[in-house]
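Asker: Quick one: the structure is below, questions incoming.
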Amino acid sequence: MRTAVLGAPGQLGRDICPRLRGEVIPLGRVDIDLSDAARLRSKLTELRPDVVINCAAYNFVDQAESEPSAAFAVNAWAVRDLASVCRDLDCTLVHFSTDYVFGLDESRRVPYAEDDLPGPVSVYGLSKLAGEYLVRSTCPKHFVIRTCGLYGVWGSGGKGKNFVETMLKIAGQGKPLRVVNDQRCTPSFTADIADAAVALLQTADFGLYHITNAGDCTWYEFAREIFRAAGMSADITPITSAEFAAPARRPGYSVLSNDKLNRVGVTAPRPWTEALGAYLVARAGK
Ligand SMILES: NC(=O)c1ccc[n+]([C@@H]2O[C@H](COP(=O)([O-])OP(=O)(O)OC[C@H]3O[C@@H](n4cnc5c(N)ncnc54)[C@H](OP(=O)(O)O)[C@@H]3O)[C@@H](O)[C@H]2O)c1
């Protein structure tokens with residue numbers, strides 16, 4: 001089994017690669033820039049992988065509002081090209097998407113299943129939803145995996161640090177924090193998502209899946225738990241999304257159900273509080 005991993009230097013890619021069996025080919029932007037369709041096809045044709053795992057994405061949620069073409073180039077059109085190469089090579093494509101494909105239903109308080117109707121409220125969410133549809137309609141042997149609020153020991157390659165590191169850094173400097181308390185989702189540890197995604201890949205149950213840690217919280221509640229678990233005190237105030245005034249709208253509720261994952265025999269990831277504890281231990285030993 002030969003597996004090519006796109007976006008291997010990103011935070012999820014770094015946790016996926018060591019968990020794969022057989023020959024693993026980690027690929028970064030220097031090896032294949034996803035926006036270069038000809039190079040994408042020639043390089044993958046030369047490598048002849050059995051499986052391609054795409055961890056690469058345009059992840060700048062706020063910036064996407066003012067540069068939709070850049071977001072769609074990587075998250076949709078490059079994914080369409082990737083899916084057609086994988087179909088032509090008869091290989092399996094594993095592609096990651098996001099809880100931000102949801103958000104239109106403001107009153108929702110029940111975790112979303114895979115067959116719930118999406119409704120993105122941001123350019124980023126729309127570009128990722130387009131990517132999902134392009135994979136699902138182009139490459140028959142696919143796993144499209146929606147996940148949420150990722151943090152990994154390597155930090156987020158494209159964006160600098162992840163939310164946990166940002167909170168620890170600001171509080172460590174003794175600065176006050178204002179954190180949004182009206183967006184409920186499930187922060188997820190990339191190591192846990194990688195474990196479940198690699199287990200899912202061993203099944204032949206292709207399709208769309210949700211994989212997150214269990215439970216849910218707001219970003220404010222998550223920050224409080226980070227400081228509690230790290231044994232730190234912090235000057236932290238809950239605020240609304242309107243007060244934070246980010247350029248991109250985020251869902252008020254985007255909790256994803258892992259039930260389908262369980263139904264195909266893959267153990268869903270542990271509760272988010274336990275995962276955070278494991279992350280804090282892992283980063284200390286980095
Ligand atoms: N981060 C989250 O909170 C979150 C939440 C839900 C879903 N997801 C999804 O989960 C997946 C993994 O996210 P992540 O947090 O691991 O992302 P990440 O750490 O930001 O890594 C993304 C990787 O994609 C690469 N990339 C971007 N544009 C590229 C291009 N044109 N060609 C080749 N490589 C390119 C980046 O390279 P450079 O470093 O060179 O830019 C980086 O290595 C993505 O599909 C994302 O949409 C993430």
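All residue names refer to the structure tokens as shown: chains lettered A, B, ... in order, residues numbered from 1 in each chain, ligands numbered from 1 in order.
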Quick one: pick out all strand (DSSP E) residues within range 11-227 of chain A from a backbone DSSP run and write them as a PyMOL selection string.

Answerer: chain A and resi 23-27+51-54+92-98+142-147+150-151+177-180+184-185+188-189+207-210+217-218

Asker: Can you pull out the residues contacting range 77-89 of chain A? Cut-off 9 Å, using only C-alpha atoms, and skip same-chain residues under 2 positions away; I want them as a PDB file with N, CA and C atoms, in the first residue's frame.

Answerer:
ATOM      1  N   LEU A  34      -1.091  22.783  -5.019  1.00  0.00           N
ATOM      2  CA  LEU A  34      -2.409  22.294  -5.453  1.00  0.00           C
ATOM      3  C   LEU A  34      -3.024  23.135  -6.562  1.00  0.00           C
ATOM      4  N   SER A  35      -2.605  24.393  -6.647  1.00  0.00           N
ATOM      5  CA  SER A  35      -3.212  25.238  -7.679  1.00  0.00           C
ATOM      6  C   SER A  35      -2.578  25.026  -9.054  1.00  0.00           C
ATOM      7  N   ASP A  36      -1.588  24.142  -9.142  1.00  0.00           N
ATOM      8  CA  ASP A  36      -0.951  23.811 -10.419  1.00  0.00           C
ATOM      9  C   ASP A  36      -1.488  22.449 -10.893  1.00  0.00           C
ATOM     10  N   ALA A  37      -2.580  22.495 -11.651  1.00  0.00           N
ATOM     11  CA  ALA A  37      -3.297  21.261 -12.017  1.00  0.00           C
ATOM     12  C   ALA A  37      -2.427  20.294 -12.824  1.00  0.00           C
ATOM     13  N   LEU A  40       0.075  18.642 -10.518  1.00  0.00           N
ATOM     14  CA  LEU A  40      -0.655  17.724  -9.644  1.00  0.00           C
ATOM     15  C   LEU A  40      -0.877  16.390 -10.356  1.00  0.00           C
ATOM     16  N   ARG A  41      -1.324  16.468 -11.596  1.00  0.00           N
ATOM     17  CA  ARG A  41      -1.599  15.245 -12.362  1.00  0.00           C
ATOM     18  C   ARG A  41      -0.307  14.495 -12.687  1.00  0.00           C
ATOM     19  N   LEU A  44       1.333  12.920  -9.378  1.00  0.00           N
ATOM     20  CA  LEU A  44       0.601  11.774  -8.822  1.00  0.00           C
ATOM     21  C   LEU A  44       0.624  10.596  -9.791  1.00  0.00           C
ATOM     22  N   THR A  45       0.607  10.880 -11.085  1.00  0.00           N
ATOM     23  CA  THR A  45       0.686   9.796 -12.074  1.00  0.00           C
ATOM     24  C   THR A  45       2.036   9.090 -11.969  1.00  0.00           C
ATOM     25  N   ARG A  48       1.986   7.033  -8.558  1.00  0.00           N
ATOM     26  CA  ARG A  48       1.049   5.908  -8.573  1.00  0.00           C
ATOM     27  C   ARG A  48       0.624   5.453  -7.175  1.00  0.00           C
ATOM     28  N   PRO A  49       0.070   6.351  -6.363  1.00  0.00           N
ATOM     29  CA  PRO A  49      -0.354   5.921  -5.018  1.00  0.00           C
ATOM     30  C   PRO A  49      -1.631   5.083  -5.072  1.00  0.00           C
ATOM     31  N   ASP A  50      -1.833   4.253  -4.038  1.00  0.00           N
ATOM     32  CA  ASP A  50      -3.110   3.541  -3.880  1.00  0.00           C
ATOM     33  C   ASP A  50      -4.123   4.441  -3.189  1.00  0.00           C
ATOM     34  N   VAL A  51      -3.589   5.321  -2.335  1.00  0.00           N
ATOM     35  CA  VAL A  51      -4.436   6.227  -1.554  1.00  0.00           C
ATOM     36  C   VAL A  51      -3.810   7.621  -1.584  1.00  0.00           C
ATOM     37  N   VAL A  52      -4.645   8.650  -1.732  1.00  0.00           N
ATOM     38  CA  VAL A  52      -4.192  10.046  -1.557  1.00  0.00           C
ATOM     39  C   VAL A  52      -4.982  10.634  -0.400  1.00  0.00           C
ATOM     40  N   ASN A  54      -5.726  14.165   1.412  1.00  0.00           N
ATOM     41  CA  ASN A  54      -5.541  15.599   1.208  1.00  0.00           C
ATOM     42  C   ASN A  54      -5.779  16.374   2.507  1.00  0.00           C
ATOM     43  N   PHE A  72     -11.440  29.542  -3.164  1.00  0.00           N
ATOM     44  CA  PHE A  72     -12.024  28.557  -4.093  1.00  0.00           C
ATOM     45  C   PHE A  72     -10.950  27.856  -4.922  1.00  0.00           C
ATOM     46  N   ALA A  73      -9.847  28.562  -5.239  1.00  0.00           N
ATOM     47  CA  ALA A  73      -8.785  27.934  -6.047  1.00  0.00           C
ATOM     48  C   ALA A  73      -8.244  26.682  -5.355  1.00  0.00           C
ATOM     49  N   VAL A  74      -8.015  26.772  -4.039  1.00  0.00           N
ATOM     50  CA  VAL A  74      -7.422  25.633  -3.311  1.00  0.00           C
ATOM     51  C   VAL A  74      -8.498  24.671  -2.804  1.00  0.00           C
ATOM     52  N   ASN A  75      -9.587  25.222  -2.248  1.00  0.00           N
ATOM     53  CA  ASN A  75     -10.579  24.376  -1.556  1.00  0.00           C
ATOM     54  C   ASN A  75     -11.611  23.763  -2.496  1.00  0.00           C
ATOM     55  N   CYS A  91      -7.484   5.385  -7.509  1.00  0.00           N
ATOM     56  CA  CYS A  91      -7.031   5.339  -6.117  1.00  0.00           C
ATOM     57  C   CYS A  91      -8.073   5.970  -5.193  1.00  0.00           C
ATOM     58  N   THR A  92      -7.946   5.658  -3.912  1.00  0.00           N
ATOM     59  CA  THR A  92      -8.875   6.178  -2.902  1.00  0.00           C
ATOM     60  C   THR A  92      -8.436   7.582  -2.510  1.00  0.00           C
ATOM     61  N   LEU A  93      -9.404   8.494  -2.421  1.00  0.00           N
ATOM     62  CA  LEU A  93      -9.103   9.864  -1.982  1.00  0.00           C
ATOM     63  C   LEU A  93      -9.748  10.109  -0.620  1.00  0.00           C
ATOM     64  N   HIS A  95     -10.375  13.156   1.887  1.00  0.00           N
ATOM     65  CA  HIS A  95     -10.368  14.622   1.836  1.00  0.00           C
ATOM     66  C   HIS A  95     -11.020  15.180   3.102  1.00  0.00           C
ATOM     67  N   ALA A 130     -18.108  23.314  -1.566  1.00  0.00           N
ATOM     68  CA  ALA A 130     -17.931  23.062  -3.001  1.00  0.00           C
ATOM     69  C   ALA A 130     -16.920  21.931  -3.198  1.00  0.00           C
ATOM     70  N   GLY A 131     -15.836  21.952  -2.432  1.00  0.00           N
ATOM     71  CA  GLY A 131     -14.823  20.892  -2.513  1.00  0.00           C
ATOM     72  C   GLY A 131     -15.407  19.523  -2.184  1.00  0.00           C
ATOM     73  N   GLU A 132     -16.243  19.476  -1.149  1.00  0.00           N
ATOM     74  CA  GLU A 132     -16.904  18.204  -0.786  1.00  0.00           C
ATOM     75  C   GLU A 132     -17.693  17.649  -1.968  1.00  0.00           C
ATOM     76  N   TYR A 133     -18.550  18.516  -2.546  1.00  0.00           N
ATOM     77  CA  TYR A 133     -19.408  18.070  -3.643  1.00  0.00           C
ATOM     78  C   TYR A 133     -18.570  17.605  -4.831  1.00  0.00           C
ATOM     79  N   LEU A 134     -17.459  18.312  -5.090  1.00  0.00           N
ATOM     80  CA  LEU A 134     -16.626  17.959  -6.242  1.00  0.00           C
ATOM     81  C   LEU A 134     -15.950  16.604  -6.038  1.00  0.00           C
ATOM     82  N   VAL A 135     -15.531  16.299  -4.804  1.00  0.00           N
ATOM     83  CA  VAL A 135     -14.961  14.970  -4.526  1.00  0.00           C
ATOM     84  C   VAL A 135     -16.047  13.911  -4.695  1.00  0.00           C
ATOM     85  N   ARG A 136     -17.192  14.159  -4.079  1.00  0.00           N
ATOM     86  CA  ARG A 136     -18.253  13.141  -4.042  1.00  0.00           C
ATOM     87  C   ARG A 136     -18.817  12.849  -5.425  1.00  0.00           C
ATOM     88  N   SER A 137     -18.788  13.863  -6.306  1.00  0.00           N
ATOM     89  CA  SER A 137     -19.356  13.657  -7.643  1.00  0.00           C
ATOM     90  C   SER A 137     -18.318  13.197  -8.664  1.00  0.00           C
ATOM     91  N   THR A 138     -17.039  13.227  -8.274  1.00  0.00           N
ATOM     92  CA  THR A 138     -15.982  12.931  -9.263  1.00  0.00           C
ATOM     93  C   THR A 138     -15.264  11.611  -8.995  1.00  0.00           C
ATOM     94  N   CYS A 139     -14.956  11.335  -7.727  1.00  0.00           N
ATOM     95  CA  CYS A 139     -14.095  10.183  -7.403  1.00  0.00           C
ATOM     96  C   CYS A 139     -14.887   9.156  -6.584  1.00  0.00           C
ATOM     97  N   PRO A 140     -15.250   8.032  -7.178  1.00  0.00           N
ATOM     98  CA  PRO A 140     -16.114   7.074  -6.469  1.00  0.00           C
ATOM     99  C   PRO A 140     -15.503   6.550  -5.155  1.00  0.00           C
ATOM    100  N   LYS A 141     -14.182   6.304  -5.148  1.00  0.00           N
ATOM    101  CA  LYS A 141     -13.561   5.748  -3.929  1.00  0.00           C
ATOM    102  C   LYS A 141     -13.081   6.916  -3.055  1.00  0.00           C
ATOM    103  N   HIS A 142     -14.033   7.470  -2.283  1.00  0.00           N
ATOM    104  CA  HIS A 142     -13.654   8.643  -1.475  1.00  0.00           C
ATOM    105  C   HIS A 142     -14.129   8.519  -0.030  1.00  0.00           C
TER     106      HIS A 142
END

Asker: With only C-alpha atoms as the counted atoms, please give the residues lying no more than 9 Å from Ala56 in chain A, apart from itself and same-chain residues fewer than 2 positions off, as JSON, numbers by chain.

Answerer: {"A": [5, 6, 7, 8, 9, 10, 13, 28, 29, 34, 53, 54, 58, 59, 74, 75, 95, 96]}

Asker: Please produce a file of the residues just selected, as an mmCIF file, in the first residue's frame, where the atoms kept are N, CA and C atoms.

Answerer:
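Written output follows (out_12.cif):
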data_model
loop_
_atom_site.group_PDB
_atom_site.id
_atom_site.type_symbol
_atom_site.label_atom_id
_atom_site.label_comp_id
_atom_site.auth_asym_id
_atom_site.auth_seq_id
_atom_site.Cartn_x
_atom_site.Cartn_y
_atom_site.Cartn_z
ATOM 1 N N VAL A 5 0.429 11.857 0.949
ATOM 2 C CA VAL A 5 -0.269 12.787 1.849
ATOM 3 C C VAL A 5 0.030 14.215 1.410
ATOM 4 N N LEU A 6 -0.998 14.901 0.929
ATOM 5 C CA LEU A 6 -0.854 16.319 0.554
ATOM 6 C C LEU A 6 -1.101 17.178 1.794
ATOM 7 N N GLY A 7 -0.345 18.277 1.924
ATOM 8 C CA GLY A 7 -0.459 19.089 3.139
ATOM 9 C C GLY A 7 0.191 18.385 4.320
ATOM 10 N N ALA A 8 1.168 17.526 4.038
ATOM 11 C CA ALA A 8 1.825 16.763 5.111
ATOM 12 C C ALA A 8 2.488 17.647 6.168
ATOM 13 N N PRO A 9 2.984 18.864 5.816
ATOM 14 C CA PRO A 9 3.588 19.692 6.868
ATOM 15 C C PRO A 9 2.578 20.422 7.751
ATOM 16 N N GLY A 10 1.291 20.348 7.452
ATOM 17 C CA GLY A 10 0.268 21.014 8.272
ATOM 18 C C GLY A 10 0.052 20.260 9.571
ATOM 19 N N GLY A 13 -1.771 16.895 8.870
ATOM 20 C CA GLY A 13 -0.890 16.056 8.046
ATOM 21 C C GLY A 13 0.225 15.419 8.868
ATOM 22 N N GLY A 28 4.540 18.358 0.507
ATOM 23 C CA GLY A 28 4.231 19.730 0.899
ATOM 24 C C GLY A 28 4.037 20.586 -0.339
ATOM 25 N N ARG A 29 3.842 21.867 -0.111
ATOM 26 C CA ARG A 29 3.622 22.798 -1.221
ATOM 27 C C ARG A 29 4.797 22.796 -2.193
ATOM 28 N N LEU A 34 -1.091 22.783 -5.019
ATOM 29 C CA LEU A 34 -2.409 22.294 -5.453
ATOM 30 C C LEU A 34 -3.024 23.135 -6.562
ATOM 31 N N ILE A 53 -4.273 11.215 0.568
ATOM 32 C CA ILE A 53 -4.939 11.886 1.689
ATOM 33 C C ILE A 53 -4.657 13.377 1.555
ATOM 34 N N ASN A 54 -5.726 14.165 1.412
ATOM 35 C CA ASN A 54 -5.541 15.599 1.208
ATOM 36 C C ASN A 54 -5.779 16.374 2.507
ATOM 37 N N TYR A 58 -6.895 25.941 2.000
ATOM 38 C CA TYR A 58 -6.829 27.375 2.279
ATOM 39 C C TYR A 58 -7.683 27.571 3.533
ATOM 40 N N ASN A 59 -7.021 27.894 4.661
ATOM 41 C CA ASN A 59 -7.701 27.890 5.965
ATOM 42 C C ASN A 59 -7.880 29.272 6.580
ATOM 43 N N VAL A 74 -8.015 26.772 -4.039
ATOM 44 C CA VAL A 74 -7.422 25.633 -3.311
ATOM 45 C C VAL A 74 -8.498 24.671 -2.804
ATOM 46 N N ASN A 75 -9.587 25.222 -2.248
ATOM 47 C CA ASN A 75 -10.579 24.376 -1.556
ATOM 48 C C ASN A 75 -11.611 23.763 -2.496
ATOM 49 N N HIS A 95 -10.375 13.156 1.887
ATOM 50 C CA HIS A 95 -10.368 14.622 1.836
ATOM 51 C C HIS A 95 -11.020 15.180 3.102
ATOM 52 N N PHE A 96 -10.451 16.248 3.659
ATOM 53 C CA PHE A 96 -10.984 16.813 4.903
ATOM 54 C C PHE A 96 -11.801 18.067 4.641
#

Asker: Given only C-alpha atoms as the basis, pick out the residue of A:Arg2, A:Glu67, A:Leu256, A:Glu165 nearest to Val153 in chain A.

Answerer: A:Glu165

Asker: Can you tell me which residues surround Ser257 in chain A at a distance of at most 7 Å, considering only C-alpha atoms, apart from same-chain residues fewer than 3 positions away, and format the answer as a list in words?

Answerer: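 These residues fall inside the cut-off: Pro111, Tyr112, Ala113 and His210 of chain A.
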
Asker: Please write the residues from the selection above to a file, keeping all heavy atoms, as a PDB file, in the first residue's frame.

Answerer:
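Written file, selection.pdb:
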ATOM      1  N   PRO A 111     -26.723  17.833  17.429  1.00  0.00           N
ATOM      2  CA  PRO A 111     -25.541  17.621  16.570  1.00  0.00           C
ATOM      3  C   PRO A 111     -25.927  17.270  15.133  1.00  0.00           C
ATOM      4  O   PRO A 111     -26.883  16.534  14.889  1.00  0.00           O
ATOM      5  CB  PRO A 111     -24.827  16.456  17.257  1.00  0.00           C
ATOM      6  CG  PRO A 111     -25.214  16.581  18.693  1.00  0.00           C
ATOM      7  CD  PRO A 111     -26.640  17.066  18.685  1.00  0.00           C
ATOM      8  N   TYR A 112     -25.174  17.816  14.208  1.00  0.00           N
ATOM      9  CA  TYR A 112     -25.453  17.586  12.787  1.00  0.00           C
ATOM     10  C   TYR A 112     -25.002  16.196  12.363  1.00  0.00           C
ATOM     11  O   TYR A 112     -23.885  15.760  12.671  1.00  0.00           O
ATOM     12  CB  TYR A 112     -24.696  18.602  11.932  1.00  0.00           C
ATOM     13  CG  TYR A 112     -25.322  19.975  11.892  1.00  0.00           C
ATOM     14  CD1 TYR A 112     -24.810  21.012  12.668  1.00  0.00           C
ATOM     15  CD2 TYR A 112     -26.412  20.246  11.062  1.00  0.00           C
ATOM     16  CE1 TYR A 112     -25.365  22.287  12.618  1.00  0.00           C
ATOM     17  CE2 TYR A 112     -26.978  21.518  11.017  1.00  0.00           C
ATOM     18  CZ  TYR A 112     -26.453  22.530  11.787  1.00  0.00           C
ATOM     19  OH  TYR A 112     -27.010  23.774  11.735  1.00  0.00           O
ATOM     20  N   ALA A 113     -25.860  15.507  11.604  1.00  0.00           N
ATOM     21  CA  ALA A 113     -25.494  14.237  10.964  1.00  0.00           C
ATOM     22  C   ALA A 113     -25.060  14.545   9.531  1.00  0.00           C
ATOM     23  O   ALA A 113     -25.284  15.647   9.016  1.00  0.00           O
ATOM     24  CB  ALA A 113     -26.690  13.292  10.967  1.00  0.00           C
ATOM     25  N   HIS A 210     -18.401  12.468   9.699  1.00  0.00           N
ATOM     26  CA  HIS A 210     -18.011  13.462  10.698  1.00  0.00           C
ATOM     27  C   HIS A 210     -17.048  12.800  11.685  1.00  0.00           C
ATOM     28  O   HIS A 210     -17.328  11.692  12.154  1.00  0.00           O
ATOM     29  CB  HIS A 210     -19.241  13.958  11.468  1.00  0.00           C
ATOM     30  CG  HIS A 210     -20.176  14.760  10.625  1.00  0.00           C
ATOM     31  ND1 HIS A 210     -21.419  15.153  11.062  1.00  0.00           N
ATOM     32  CD2 HIS A 210     -20.040  15.261   9.361  1.00  0.00           C
ATOM     33  CE1 HIS A 210     -22.020  15.865  10.110  1.00  0.00           C
ATOM     34  NE2 HIS A 210     -21.207  15.923   9.065  1.00  0.00           N
TER      35      HIS A 210
END
